[in-house]
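Each remark here refers to the structure printed beneath this line.
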Amino acid sequence: MENRLETLRIDIDKLIFEKQPSKVRFFIEHLYSVARYGSLLALKRGLNQELAMTAGMLHDIANVNGGSDNHAADGAVQAEAMLKQLAFYNDNEIAIITAAIARHDAKSAIHESYDEVLKDADVLSHCFYNPDFPVNEWELARYKKLLTELGCTPVE
């Protein structure tokens, strides 16, 4: 059997280069950093790293495809289609991944475990992109909670 994550990466890379050639660095950096942070958080929280990474790689797929007024919900639909086309993921895995994608913008709400991993990974990607940039107000509470969970003290 092929490696699911590597096969998915190839498909995502092709899509980024085709649909967003002027934003390749942004999408590659963001999607894959969210995937890596998601993997770390899943490991720490006793969840499946591969599912967390898959959700991270696909969480902004609607933006890669040109954007949308509701990129989280639209992205969940697009991710579901991609995952079904790959035929490597079962229905339960697809449901977990797409629910996390659909809810990843609701940073102030608490949802299921994988939803929280994806939201937190997205926040970490935003906050660690450049430490000289201020943390967005709508991510600050989640970011501080994450730093505590990870045993970090922010440098002032």
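Note on naming: chains are A, B, ... as they come in the structure tokens, residues start from 1 per chain, ligands start from 1 in the order shown.
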Write out as JSON lines a residue-level contact list of segment 106-145 of chain A versus segment 20-42 of chain A with cut-off 8 Å: for each qualifying residue the closest pair of atoms and the distance in Å to one decimal, counting only C-alpha atoms, rows sorted by chain and residue number upward.
```
{"residue": "A:Tyr114", "atom": "CA", "partner": "A:Ala42", "partner_atom": "CA", "distance": 7.9}
{"residue": "A:Val117", "atom": "CA", "partner": "A:Gly38", "partner_atom": "CA", "distance": 5.8}
{"residue": "A:Leu118", "atom": "CA", "partner": "A:Gly38", "partner_atom": "CA", "distance": 6.0}
{"residue": "A:Asp120", "atom": "CA", "partner": "A:Gly38", "partner_atom": "CA", "distance": 7.6}
{"residue": "A:Ala121", "atom": "CA", "partner": "A:Tyr37", "partner_atom": "CA", "distance": 5.0}
{"residue": "A:Asp122", "atom": "CA", "partner": "A:Val34", "partner_atom": "CA", "distance": 5.3}
{"residue": "A:Leu124", "atom": "CA", "partner": "A:Tyr37", "partner_atom": "CA", "distance": 7.1}
{"residue": "A:Ser125", "atom": "CA", "partner": "A:Val34", "partner_atom": "CA", "distance": 5.7}
```
With 10 Å as the cut-off and only C-alpha atoms counted, what is the closest atom pair between each nearby residue of segment 107-135 of chain A and segment 74-96 of chain A? Distances in Å to one decimal, ordered by chain and number, as CSV.
```
residue,atom,partner,partner_atom,distance
A:Glu112,CA,A:Ile96,CA,8.9
A:Ser113,CA,A:Ile96,CA,9.4
A:Tyr114,CA,A:Ile96,CA,7.0
A:Asp115,CA,A:Ile96,CA,8.1
```
Separation of atom CA of Thr54 of chain A from atom CA of Lys107 of chain A in Å: 19.2 Å
Go through A:Leu147, A:Ile97, A:Arg103, A:Asn48 one by one, measure the shortest atom-to-atom distance of each to His71 of chain A using only C-alpha atoms, and give the residue with the smallest value.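 Nearest to His71 of chain A: A:Arg103.
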Quick one: pull the distance between atom CA of Leu43 of chain A and atom CA of Ile10 of chain A, Å, one decimal. 24.0 Å
Neighbouring residues of Lys144 of chain A were defined as those with any atom within 12 Å, considering only C-alpha atoms; residues of the same chain fewer than 5 positions away were excluded. Please report them as number ranges by chain. A: 120, 123-124, 127, 135-139, 149-154
Computed interatomic separation between atom CA of Ala55 of chain A and atom CA of Lys145 of chain A (Å):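 Between atom CA of Ala55 of chain A and atom CA of Lys145 of chain A the gap works out to 21.3 Å.
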Ranking A:Ala99, A:Gly56, A:Val64, A:Glu2 by minimum distance to Lys14 of chain A and counting only C-alpha atoms, which one comes first?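 Of all the options, A:Val64 lies closest to Lys14 of chain A.
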When you count only C-alpha atoms, which of these residues is closest to Ala100 of chain A: A:Met53, A:Leu5, A:Leu146, A:Ile16?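 Answer, going by the shortest atom-to-atom distance: A:Met53.
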